[in-house]
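Asks: Attaching a single structure in structure tokens format; questions to follow.
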Amino acid sequence: MAEQNGLRRLIHTVRSAGFGESPGLNRGDLVASEDALQALLANPALASTRLTWARPGESVRIVKILDSIEPRTKGAGGAGMFPGFLGPALPQGTGETHVLRGVAVVVAGKLPRAQEGMVQMSGPAAELSFLGATNNLVIEFEPAEDAGWPQVDEALRLGAMRVAVALADLALEAEPDEVHDLAPLNPGTGGSLPRVGAIVNLQTQGAFKDVFVYGRTMAASMPTAIDPNELDDGAVVSGQYGHPGLKNPTFVHQNNPVVAALRDRDGKDLVFGGLILSPEPVDQTLKELTSAHAARMARQMGLDAVIVTKEGGGNADSDISLKIDAFEAMGLVGIGIFAEMSGPDGTGPPVVGPPTTATAMVSTGNYDERITLDAVDRALGGEIVDLNGLDAAAEMVLPVAAIYGSLSPIGLGRLTCATEVTA
Amino acid sequence: MPIAIRVGAPRVVPTRGIPYPTGDPALGPKEEKAWRRLLVQTALRAISTPVNKPTVFKPGELTT
Amino acid sequence: MKVVHYVNQFFAGVGGEEKATVGPEVREAPTGPGRKLASLLGDEHQIVATVFCGDDYAASNDAAPAEILELIKATGAEMLVSGPAFTSGRYGIACGRVAAAAHKAGLVALAAMHAENPGVAEAAPAPVVATGLTAREMGATLEKVALAVKKLASGQTLTPEDGLVGSIPRRNRLAESNAAARAVDLALTRLAGDRSATEIPMPDFGAVAPAGPVTDPSKALIALLTEGGLVPAGNPGRLESARATKWLRYPLEELPGLEEGSHVSVHGGFSTVVANENPNRILPLDVARELKDEGAIGSLYAEYFVTTGNGTSVADGARYGVEWAAELRKQGVQAAILTST
């Protein structure tokens with residue numbers, strides 16, 4: 001049994017995934033029933049859906065990627081997974097959670113305001129996206145003729161969650177490969193170790209550019225404290241389809257990398273002291289209010305240092321800068337994770353809205369640098385790449401920003417940028 | 001103004017708009033001239049004040 | 001590697017200022033400083049041609065870099081070297097633009113000039129090696145250029161140790177750990193007392209030590225300055241609307257204030273309609289005169305200095321500042337009010 005009020009995470013590592021007649025998870029071999037999953041996607045807003053696996057190493061490109069989700073469940077049908085969507089909006093982050101590691105449910109197709117993001121399943125570009133290393137169950141769709149776009153969006157979001165839970169349900173009886181017992185955050189001081197925490201900025205710019213907490217938009221909210229274990233159970237869900245390289249899909253919130261890094265070192269060289277979710281308001285006055293408030297909360301948590309992450313482009317830089325400047329002004333340490341925008345040749349100013357006094361910045365790479373994607377055998381998600389009008393399977397040169405999650409501003413990727421001083 | 005501070009200008013008087021540093025076309029002629037006079041007076045106060053780092057002098061304030 | 005060398009009309013031996021308007025031409029051999037460079041390069045790299053152009057033509061004609069590039073490509077060279085231009089502004093700009101055009105066309109390109117030459121900013125993404133101030137340092141400069149040519153020709157990139165100046169490109173690469181883990185490392189490094197650790201450097205504008213205060217403005221000589229591109233009607237000194245390569249000085253004596261029509265802003269970074277209706281909105285001469293007449297200001301310096309702060313490189317801006325300060329000090333000015341757009 002998990003620790004009182006804690007979460008037991010049961011990790012099932014998936015080595016191969018496909019459709020078949022006898023669904024189940026057997027020694028890392030995942031077999032799912034295509035018909036059963038299709039039935040979960042049925043919705044009046046969708047005329048049709050198609051399910052296809054795209055696996056690491058295959059000559060496949062997925063274009064027009066919207067959200068992606070890691071399959072997880074707390075019991076048959078979810079049993080509380082994705083609170084506010086599949087279950088009631090009640091606090092989660094306790095009990096047991098089964099995780100299918102190495103699998104993602106990926107929605108791909110056209111929605112309004114969505115910006116084209118893609119992943120290549122083979123070659124060097126595969127390394128730039130977390131989806132390059134997972135067995136991806138891709139959901140393609142045709143909207144119903146009379147359906148409004150918000151209904152289509154909602155149908156896809158709920159359908160993808162149901163598919164993710166159903167896949168994870170296949171592991172309920174399987175022996176896990178790893179078991180993690182995750183205590184809730186300790187309110188104590190941690191003795192002589194420094195208290196370090198995180199502020200996770202969520203992009204909140206209305207329909208198709210929104211993020212949900214317990215099923216509700218974070219847009220009009222003030223910053224709020226949350227336990228990291230709640231993230232594990234899908235308390236934060238993405239409906240944000242802008243900025244492919246700079247977005248934080250649901251998969252990334254489920255696996256928040258700053259939380260993972262702080263958990264790794266909790267009790268060793270730091271105490272994981274707190275986690276705050278904050279909206280990214282559009283209005284400058286609200287940005288300042290929200291940032292000052294988040295910095296104050298972090299101080300009330302007794303944090304000595306805080307790591308601030310963002311979602312979105314240059315506008316969202318100021319949501320980091322304002323917070324770390326405010327934190328630094330209180331004599332504490334603020335760290336920002338930024339993507340650079342220094343132009344295709346890397347000679348422009350790296351950050352559009354850098355902090356004024358807080359100068360500790362981690363780089364997730366230059367947004368504008370070009371990469372070449374080799375031609376592939378087949379493409380999923382669409383036939384044409386809207387960015388350049390090319391066939392979706394063709395060889396193409398693109399800014400790295402077009403790769404889904406490539407510049408992960410929540411810190412999931414290894415991409416970074418440095419001044420070129422050696423050959 | 002944030003740029004002036006960042007590049008290290010020692011004494012800075014913030015004004016109202018990039019295209020009219022010592023004006024404000026939203027005001028009437030008399031009021032605008034009074035505003036410009038206040039800006040220059042603030043600048044005179046700034047140059048008579050010792051500073052050791054980039055410092056902002058707001059128009060009309062008597063002390064820093 | 002086959003190298004083509006770009007120089008101006010003076011170093012090509014065509015003539016001085018009177019020949020600054022000549023268009024681009026080719027000589028099928030090393031010319032002027034190219035002869036010494038060719039001997040420094042030895043047998044491995046040959047200067048197959050020299051392309052030259054008059055300074056005025058090359059720096060003030062937008063089509064010039066493309067025309068020069070056509071001549072460069074026709075020589076069949078794989079590499080371009082431009083300069084050294086030392087501190088010559090028009091020549092430096094031409095060297096920078098030609099190097100940038102050659103780089104974009106796929107040639108290996110290198111420019112050479114003084115670190116504060118405005119042409120440094122024009123060369124990116126082609127590299128620039130720094131030179132001394134004047135052609136008196138030609139010998140040492142060409143040795144440095146020759147080393148840089150050999151290094152670039154071997155496929156290596158230049159470093160500040162090679163004399164590389166200007167914006168050094170930042171390039172993507174994969175780190176050992178993800179950004180989140182590195183952020184935790186950085187937090188602990190900062191908490192341990194290292195207040196400067198970062199992966200992204202803040203732009204470094206250097207430090208300016210503030211001057212001491214003026215004891216009494218009512219006895220001081222005060223100057224008015226602007227980077228708002230404000231010039232007498234007709235723009236007699238041909239101040240640029242962007243990337244200004246110079247600053248100018250104009251008289252203020254006898255003027256009670258600035259009038260609509262007497263002065264205009266040539267700044268290209270904003271709409272100048274409002275400024276031109278009343279130029280005191282850029283340079284507050286009317287109220288400064290009043291304050292002088294009332295005794296709040298001792299006296300006003302008889303000229304104003306002006307440049308255009310629009311896309312101006314930090315190096316140029318800093319150079320104008322140094323020159324202004326030196327000139328004002330020489331004239332006995334104790335304080336200056338500089339308006340910024």
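Convention: chains lettered A, B, ... in structure tokens order; per-chain residue numbering from 1; ligands numbered from 1 as shown.
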Could you pull out the helix (DSSP H, G or I) residues of segment 127-298 of chain C, going by DSSP on the backbone, and write them as an mmCIF file with N, CA, C and O atoms, in the first residue's frame?
Replies:
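As a result, selection_25.cif now contains:
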```
data_model
loop_
_atom_site.group_PDB
_atom_site.id
_atom_site.type_symbol
_atom_site.label_atom_id
_atom_site.label_comp_id
_atom_site.auth_asym_id
_atom_site.auth_seq_id
_atom_site.Cartn_x
_atom_site.Cartn_y
_atom_site.Cartn_z
ATOM 1 N N ALA C 135 46.143 51.803 -41.873
ATOM 2 C CA ALA C 135 46.953 50.987 -42.780
ATOM 3 C C ALA C 135 48.414 50.922 -42.330
ATOM 4 O O ALA C 135 49.181 50.115 -42.858
ATOM 5 N N ARG C 136 48.808 51.737 -41.354
ATOM 6 C CA ARG C 136 50.168 51.604 -40.830
ATOM 7 C C ARG C 136 50.377 50.206 -40.235
ATOM 8 O O ARG C 136 51.496 49.751 -40.117
ATOM 9 N N GLU C 137 49.267 49.572 -39.836
ATOM 10 C CA GLU C 137 49.373 48.233 -39.245
ATOM 11 C C GLU C 137 49.076 47.141 -40.268
ATOM 12 O O GLU C 137 48.671 46.038 -39.906
ATOM 13 N N MET C 138 49.259 47.457 -41.536
ATOM 14 C CA MET C 138 48.923 46.516 -42.600
ATOM 15 C C MET C 138 49.669 45.181 -42.459
ATOM 16 O O MET C 138 49.075 44.105 -42.589
ATOM 17 N N GLY C 139 50.942 45.239 -42.160
ATOM 18 C CA GLY C 139 51.748 44.013 -42.130
ATOM 19 C C GLY C 139 51.221 43.006 -41.123
ATOM 20 O O GLY C 139 50.910 41.853 -41.463
ATOM 21 N N ALA C 140 51.069 43.444 -39.872
ATOM 22 C CA ALA C 140 50.603 42.540 -38.819
ATOM 23 C C ALA C 140 49.173 42.078 -39.114
ATOM 24 O O ALA C 140 48.804 40.922 -38.861
ATOM 25 N N THR C 141 48.384 42.998 -39.665
ATOM 26 C CA THR C 141 47.000 42.661 -39.977
ATOM 27 C C THR C 141 46.924 41.539 -41.015
ATOM 28 O O THR C 141 46.163 40.579 -40.854
ATOM 29 N N LEU C 142 47.721 41.668 -42.070
ATOM 30 C CA LEU C 142 47.655 40.657 -43.131
ATOM 31 C C LEU C 142 48.122 39.288 -42.616
ATOM 32 O O LEU C 142 47.606 38.255 -43.044
ATOM 33 N N GLU C 143 49.075 39.286 -41.676
ATOM 34 C CA GLU C 143 49.498 37.996 -41.106
ATOM 35 C C GLU C 143 48.327 37.322 -40.383
ATOM 36 O O GLU C 143 48.109 36.119 -40.491
ATOM 37 N N LYS C 144 47.565 38.142 -39.656
ATOM 38 C CA LYS C 144 46.394 37.623 -38.938
ATOM 39 C C LYS C 144 45.338 37.122 -39.935
ATOM 40 O O LYS C 144 44.733 36.058 -39.759
ATOM 41 N N VAL C 145 45.120 37.906 -40.990
ATOM 42 C CA VAL C 145 44.135 37.526 -42.005
ATOM 43 C C VAL C 145 44.546 36.205 -42.672
ATOM 44 O O VAL C 145 43.715 35.315 -42.877
ATOM 45 N N ALA C 146 45.837 36.071 -42.967
ATOM 46 C CA ALA C 146 46.305 34.850 -43.634
ATOM 47 C C ALA C 146 46.052 33.617 -42.756
ATOM 48 O O ALA C 146 45.618 32.567 -43.247
ATOM 49 N N LEU C 147 46.320 33.756 -41.465
ATOM 50 C CA LEU C 147 46.060 32.627 -40.553
ATOM 51 C C LEU C 147 44.574 32.281 -40.542
ATOM 52 O O LEU C 147 44.182 31.109 -40.545
ATOM 53 N N ALA C 148 43.728 33.337 -40.527
ATOM 54 C CA ALA C 148 42.279 33.105 -40.505
ATOM 55 C C ALA C 148 41.818 32.428 -41.791
ATOM 56 O O ALA C 148 40.970 31.532 -41.773
ATOM 57 N N VAL C 149 42.386 32.841 -42.918
ATOM 58 C CA VAL C 149 42.035 32.222 -44.212
ATOM 59 C C VAL C 149 42.363 30.732 -44.172
ATOM 60 O O VAL C 149 41.550 29.884 -44.553
ATOM 61 N N LYS C 150 43.564 30.398 -43.670
ATOM 62 C CA LYS C 150 43.964 28.995 -43.643
ATOM 63 C C LYS C 150 43.041 28.180 -42.744
ATOM 64 O O LYS C 150 42.676 27.053 -43.063
ATOM 65 N N LYS C 151 42.664 28.777 -41.615
ATOM 66 C CA LYS C 151 41.807 28.051 -40.676
ATOM 67 C C LYS C 151 40.418 27.816 -41.277
ATOM 68 O O LYS C 151 39.877 26.706 -41.221
ATOM 69 N N LEU C 152 39.860 28.864 -41.870
ATOM 70 C CA LEU C 152 38.532 28.716 -42.482
ATOM 71 C C LEU C 152 38.586 27.730 -43.649
ATOM 72 O O LEU C 152 37.669 26.912 -43.827
ATOM 73 N N ALA C 153 39.665 27.790 -44.423
ATOM 74 C CA ALA C 153 39.772 26.918 -45.600
ATOM 75 C C ALA C 153 39.833 25.449 -45.182
ATOM 76 O O ALA C 153 39.406 24.565 -45.923
ATOM 77 N N PRO C 160 37.529 33.996 -30.839
ATOM 78 C CA PRO C 160 38.075 35.314 -30.468
ATOM 79 C C PRO C 160 39.612 35.305 -30.438
ATOM 80 O O PRO C 160 40.244 36.335 -30.679
ATOM 81 N N GLU C 161 40.228 34.143 -30.191
ATOM 82 C CA GLU C 161 41.701 34.082 -30.194
ATOM 83 C C GLU C 161 42.260 34.358 -31.589
ATOM 84 O O GLU C 161 43.396 34.790 -31.739
ATOM 85 N N ASP C 162 41.478 34.071 -32.614
ATOM 86 C CA ASP C 162 41.916 34.356 -33.985
ATOM 87 C C ASP C 162 41.668 35.809 -34.365
ATOM 88 O O ASP C 162 41.922 36.206 -35.496
ATOM 89 N N ALA C 179 16.728 20.128 -19.848
ATOM 90 C CA ALA C 179 16.798 21.510 -19.357
ATOM 91 C C ALA C 179 16.320 21.617 -17.916
ATOM 92 O O ALA C 179 16.817 22.447 -17.150
ATOM 93 N N ALA C 180 15.360 20.788 -17.514
ATOM 94 C CA ALA C 180 14.847 20.844 -16.145
ATOM 95 C C ALA C 180 15.946 20.454 -15.145
ATOM 96 O O ALA C 180 16.148 21.128 -14.131
ATOM 97 N N ALA C 181 16.658 19.376 -15.441
ATOM 98 C CA ALA C 181 17.744 18.954 -14.543
ATOM 99 C C ALA C 181 18.832 20.023 -14.493
ATOM 100 O O ALA C 181 19.403 20.297 -13.433
ATOM 101 N N ARG C 182 19.084 20.658 -15.645
ATOM 102 C CA ARG C 182 20.109 21.708 -15.667
ATOM 103 C C ARG C 182 19.638 22.937 -14.891
ATOM 104 O O ARG C 182 20.441 23.650 -14.280
ATOM 105 N N ALA C 183 18.307 23.189 -14.906
ATOM 106 C CA ALA C 183 17.775 24.318 -14.136
ATOM 107 C C ALA C 183 17.973 24.078 -12.643
ATOM 108 O O ALA C 183 18.304 25.007 -11.890
ATOM 109 N N VAL C 184 17.791 22.818 -12.194
ATOM 110 C CA VAL C 184 18.018 22.498 -10.780
ATOM 111 C C VAL C 184 19.502 22.677 -10.444
ATOM 112 O O VAL C 184 19.858 23.262 -9.419
ATOM 113 N N ASP C 185 20.378 22.209 -11.339
ATOM 114 C CA ASP C 185 21.821 22.418 -11.128
ATOM 115 C C ASP C 185 22.138 23.908 -10.999
ATOM 116 O O ASP C 185 22.906 24.316 -10.122
ATOM 117 N N LEU C 186 21.542 24.698 -11.896
ATOM 118 C CA LEU C 186 21.825 26.140 -11.886
ATOM 119 C C LEU C 186 21.316 26.782 -10.599
ATOM 120 O O LEU C 186 21.980 27.654 -10.024
ATOM 121 N N ALA C 187 20.142 26.335 -10.123
ATOM 122 C CA ALA C 187 19.609 26.871 -8.858
ATOM 123 C C ALA C 187 20.591 26.597 -7.725
ATOM 124 O O ALA C 187 20.892 27.487 -6.919
ATOM 125 N N LEU C 188 21.130 25.367 -7.672
ATOM 126 C CA LEU C 188 22.049 25.020 -6.586
ATOM 127 C C LEU C 188 23.366 25.782 -6.729
ATOM 128 O O LEU C 188 23.952 26.212 -5.729
ATOM 129 N N THR C 189 23.818 25.977 -7.981
ATOM 130 C CA THR C 189 25.043 26.752 -8.202
ATOM 131 C C THR C 189 24.860 28.187 -7.720
ATOM 132 O O THR C 189 25.723 28.760 -7.056
ATOM 133 N N ARG C 190 23.709 28.754 -8.056
ATOM 134 C CA ARG C 190 23.430 30.132 -7.625
ATOM 135 C C ARG C 190 23.317 30.208 -6.103
ATOM 136 O O ARG C 190 23.827 31.139 -5.484
ATOM 137 N N LEU C 191 22.625 29.209 -5.506
ATOM 138 C CA LEU C 191 22.472 29.215 -4.049
ATOM 139 C C LEU C 191 23.828 29.077 -3.361
ATOM 140 O O LEU C 191 24.029 29.585 -2.264
ATOM 141 N N PRO C 217 23.249 74.234 -11.575
ATOM 142 C CA PRO C 217 22.866 74.366 -12.987
ATOM 143 C C PRO C 217 22.720 75.817 -13.419
ATOM 144 O O PRO C 217 22.887 76.142 -14.593
ATOM 145 N N SER C 218 22.434 76.710 -12.474
ATOM 146 C CA SER C 218 22.219 78.111 -12.858
ATOM 147 C C SER C 218 23.539 78.787 -13.216
ATOM 148 O O SER C 218 23.553 79.919 -13.666
ATOM 149 N N LYS C 219 24.666 78.084 -12.999
ATOM 150 C CA LYS C 219 25.957 78.638 -13.421
ATOM 151 C C LYS C 219 26.624 77.764 -14.480
ATOM 152 O O LYS C 219 27.744 78.045 -14.892
ATOM 153 N N VAL C 273 5.569 62.575 -38.104
ATOM 154 C CA VAL C 273 4.581 63.633 -38.325
ATOM 155 C C VAL C 273 4.457 64.535 -37.096
ATOM 156 O O VAL C 273 4.539 65.763 -37.186
ATOM 157 N N VAL C 274 4.298 63.915 -35.942
ATOM 158 C CA VAL C 274 4.097 64.672 -34.710
ATOM 159 C C VAL C 274 5.344 65.491 -34.370
ATOM 160 O O VAL C 274 5.259 66.648 -33.960
ATOM 161 N N ALA C 275 6.521 64.898 -34.572
ATOM 162 C CA ALA C 275 7.770 65.605 -34.266
ATOM 163 C C ALA C 275 7.940 66.799 -35.198
ATOM 164 O O ALA C 275 8.369 67.872 -34.777
ATOM 165 N N ASN C 276 7.600 66.633 -36.466
ATOM 166 C CA ASN C 276 7.813 67.712 -37.433
ATOM 167 C C ASN C 276 6.834 68.868 -37.244
ATOM 168 O O ASN C 276 7.141 70.004 -37.604
ATOM 169 N N GLU C 277 5.650 68.599 -36.670
ATOM 170 C CA GLU C 277 4.707 69.670 -36.356
ATOM 171 C C GLU C 277 5.309 70.636 -35.343
ATOM 172 O O GLU C 277 5.041 71.832 -35.354
ATOM 173 N N PRO C 279 9.168 70.646 -33.639
ATOM 174 C CA PRO C 279 10.446 69.968 -33.392
ATOM 175 C C PRO C 279 10.936 70.057 -31.946
ATOM 176 O O PRO C 279 11.821 69.294 -31.556
ATOM 177 N N ASN C 280 10.339 70.992 -31.146
ATOM 178 C CA ASN C 280 10.699 71.019 -29.722
ATOM 179 C C ASN C 280 10.308 69.717 -29.022
ATOM 180 O O ASN C 280 10.747 69.455 -27.909
ATOM 181 N N ARG C 281 9.445 68.926 -29.680
ATOM 182 C CA ARG C 281 9.079 67.614 -29.117
ATOM 183 C C ARG C 281 10.255 66.635 -29.163
ATOM 184 O O ARG C 281 10.241 65.606 -28.511
ATOM 185 N N LEU C 285 14.267 72.947 -27.131
ATOM 186 C CA LEU C 285 14.973 74.242 -27.118
ATOM 187 C C LEU C 285 14.113 75.356 -26.540
ATOM 188 O O LEU C 285 14.609 76.207 -25.801
ATOM 189 N N ASP C 286 12.794 75.366 -26.857
ATOM 190 C CA ASP C 286 11.965 76.495 -26.403
ATOM 191 C C ASP C 286 11.980 76.645 -24.879
ATOM 192 O O ASP C 286 12.228 77.731 -24.356
ATOM 193 N N VAL C 287 11.768 75.539 -24.164
ATOM 194 C CA VAL C 287 11.715 75.667 -22.699
ATOM 195 C C VAL C 287 13.118 75.820 -22.108
ATOM 196 O O VAL C 287 13.293 76.475 -21.066
ATOM 197 N N ALA C 288 14.134 75.254 -22.782
ATOM 198 C CA ALA C 288 15.502 75.424 -22.284
ATOM 199 C C ALA C 288 15.900 76.901 -22.346
ATOM 200 O O ALA C 288 16.529 77.425 -21.428
ATOM 201 N N ARG C 289 15.486 77.595 -23.425
ATOM 202 C CA ARG C 289 15.745 79.039 -23.523
ATOM 203 C C ARG C 289 15.054 79.794 -22.390
ATOM 204 O O ARG C 289 15.642 80.666 -21.773
ATOM 205 N N GLU C 290 13.784 79.459 -22.149
ATOM 206 C CA GLU C 290 13.049 80.110 -21.061
ATOM 207 C C GLU C 290 13.771 79.948 -19.738
ATOM 208 O O GLU C 290 13.952 80.900 -18.985
ATOM 209 N N LEU C 291 14.180 78.692 -19.480
ATOM 210 C CA LEU C 291 14.833 78.406 -18.202
ATOM 211 C C LEU C 291 16.175 79.128 -18.107
ATOM 212 O O LEU C 291 16.602 79.526 -17.035
ATOM 213 N N LYS C 292 16.838 79.307 -19.261
ATOM 214 C CA LYS C 292 18.096 80.070 -19.278
ATOM 215 C C LYS C 292 17.808 81.549 -18.964
ATOM 216 O O LYS C 292 18.479 82.167 -18.139
ATOM 217 N N ASP C 293 16.753 82.094 -19.637
ATOM 218 C CA ASP C 293 16.415 83.504 -19.415
ATOM 219 C C ASP C 293 16.000 83.755 -17.967
ATOM 220 O O ASP C 293 16.247 84.824 -17.421
#
```
Asks: Give me, as a Markdown table, the closest atom pair and its distance (Å, one decimal) for every residue of chain A within a cut-off of 12 Å of chain B, counting only C-alpha atoms, rows sorted by chain and rising number.
Replies:
```
| residue | atom | partner | partner_atom | distance |
| --- | --- | --- | --- | --- |
| A:Gly353 | CA | B:Pro2 | CA | 10.9 |
| A:Pro354 | CA | B:Arg6 | CA | 10.6 |
| A:Pro355 | CA | B:Arg6 | CA | 10.2 |
| A:Thr356 | CA | B:Arg6 | CA | 7.3 |
| A:Thr357 | CA | B:Arg6 | CA | 9.3 |
```
Asks: Next, write the just-selected residues to a file, as an mmCIF file, in the first residue's frame, keeping N, CA and C atoms as the atom set.
Replies:
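Contents of out_36.cif, freshly written:
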```
data_model
loop_
_atom_site.group_PDB
_atom_site.id
_atom_site.type_symbol
_atom_site.label_atom_id
_atom_site.label_comp_id
_atom_site.auth_asym_id
_atom_site.auth_seq_id
_atom_site.Cartn_x
_atom_site.Cartn_y
_atom_site.Cartn_z
ATOM 1 N N GLY A 353 12.545 39.187 -24.365
ATOM 2 C CA GLY A 353 12.163 39.877 -23.126
ATOM 3 C C GLY A 353 12.929 39.348 -21.937
ATOM 4 N N PRO A 354 14.251 39.615 -21.895
ATOM 5 C CA PRO A 354 15.035 39.021 -20.806
ATOM 6 C C PRO A 354 14.703 39.674 -19.466
ATOM 7 N N PRO A 355 15.020 38.990 -18.382
ATOM 8 C CA PRO A 355 14.824 39.607 -17.071
ATOM 9 C C PRO A 355 15.748 40.812 -16.920
ATOM 10 N N THR A 356 15.432 41.682 -15.958
ATOM 11 C CA THR A 356 16.225 42.887 -15.753
ATOM 12 C C THR A 356 17.371 42.626 -14.788
ATOM 13 N N THR A 357 17.048 42.006 -13.660
ATOM 14 C CA THR A 357 18.083 41.789 -12.645
ATOM 15 C C THR A 357 18.381 40.312 -12.419
#
```
Asks: Let's see if you can do this: from backbone DSSP, list all strand (DSSP E or B) residues in segment 129-167 of chain C, as a ChimeraX atom specification.
Replies: /C:129-130,164-165
Asks: Please return, as a list of chain:residue names, all residues of chain B lying within 8 Å of chain C when only C-alpha atoms are considered.
Replies: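 That gives the following set of residues: B:Arg6, B:Val7, B:Gly8, B:Ala9, B:Pro10, B:Gly17, B:Ile18, B:Pro19, B:Tyr20, B:Pro21, B:Thr22, B:Gly23, B:Asp24, B:Pro25, B:Lys33, B:Arg36, B:Arg37, B:Val40, B:Ala43, B:Leu44, B:Ile47, B:Ser48, B:Thr49, B:Pro50, B:Val51, B:Asn52, B:Lys53, B:Pro54.
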Asks: Once you count only C-alpha atoms, which residues of chain C turn out to be within 6 Å of chain A? Could you give them as a ChimeraX atom specification?
Replies: /C:156-157,159,167,169-175,177-181,198-200
Asks: Could you list, as a PyMOL selection string, every residue within 9 Å of Pro14 of chain B, counting only C-alpha atoms and ignoring same-chain residues fewer than 4 positions away?
Replies: chain B and resi 1+21+39+56-59
Asks: Convert the current residue selection to file output with N, CA and C atoms, as a PDB file, in the first residue's frame.
Replies:
```pdb
ATOM      1  N   MET B   1      12.588  53.298 -21.680  1.00  0.00           N
ATOM      2  CA  MET B   1      13.201  53.545 -20.375  1.00  0.00           C
ATOM      3  C   MET B   1      13.921  52.312 -19.831  1.00  0.00           C
ATOM      4  N   PRO B  21       9.846  62.560 -27.426  1.00  0.00           N
ATOM      5  CA  PRO B  21      10.432  62.465 -26.087  1.00  0.00           C
ATOM      6  C   PRO B  21      10.155  63.697 -25.224  1.00  0.00           C
ATOM      7  N   LEU B  39       9.803  68.404 -17.777  1.00  0.00           N
ATOM      8  CA  LEU B  39      10.801  67.383 -18.126  1.00  0.00           C
ATOM      9  C   LEU B  39      12.216  67.957 -18.045  1.00  0.00           C
ATOM     10  N   VAL B  56      16.490  56.484 -12.164  1.00  0.00           N
ATOM     11  CA  VAL B  56      15.345  57.106 -12.823  1.00  0.00           C
ATOM     12  C   VAL B  56      14.874  58.303 -12.013  1.00  0.00           C
ATOM     13  N   PHE B  57      14.677  59.434 -12.690  1.00  0.00           N
ATOM     14  CA  PHE B  57      14.118  60.626 -12.063  1.00  0.00           C
ATOM     15  C   PHE B  57      12.745  60.859 -12.679  1.00  0.00           C
ATOM     16  N   LYS B  58      11.694  60.642 -11.889  1.00  0.00           N
ATOM     17  CA  LYS B  58      10.355  60.808 -12.454  1.00  0.00           C
ATOM     18  C   LYS B  58      10.016  62.287 -12.530  1.00  0.00           C
ATOM     19  N   PRO B  59       9.392  62.726 -13.619  1.00  0.00           N
ATOM     20  CA  PRO B  59       9.068  64.145 -13.767  1.00  0.00           C
ATOM     21  C   PRO B  59       8.220  64.618 -12.592  1.00  0.00           C
TER      22      PRO B  59
END
```
Asks: Which neighbours of segment 151-156 of chain A fall inside 9 Å, counting only C-alpha atoms, when residues of the same chain fewer than 5 positions from it are skipped, and could you give them as a ChimeraX atom specification?
Replies: /A:41-46,107,111,139,141,143-144,161,208,239
Asks: Which residues, written as an NGL selection string, have at least one atom at most 8 Å from Lys209 of chain A, with only C-alpha atoms counted and residues fewer than 4 positions away on the same chain left out?
Replies: :A and (113 or 203-205 or 239-242)
Asks: State, in Å with one decimal place, the distance from atom CA of Arg50 of chain A to atom CA of Ala108 of chain A.
Replies: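 Going from atom CA of Arg50 of chain A over to atom CA of Ala108 of chain A covers 10.3 Å.
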Asks: What is the atom CA of Gly92 of chain C to atom CA of Val7 of chain C distance in Å?
Replies: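 We find that atom CA of Gly92 of chain C and atom CA of Val7 of chain C lie 9.9 Å from each other.
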Asks: Quick one, how far is atom CA of Asn26 of chain A from atom CA of Ala168 of chain A?
Replies: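 Separating atom CA of Asn26 of chain A from atom CA of Ala168 of chain A is a distance of 12.8 Å.
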Asks: Would you please work out which residue, of C:Val14, C:Asp56, C:Asp62, C:Thr75, is nearest to Ala29 of chain C when using only C-alpha atoms?
Replies: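 Closest candidate: C:Thr75.
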Asks: Excluding segment 375-385 of chain A and any residue of its chain fewer than 6 positions from it, enumerate the residues within 12 Å of it, using only C-alpha atoms, and give them as an MDAnalysis selection string.
Replies: chainID A and resid 49:54 57:66 106:111 115:123 125 136:142 391:398 402
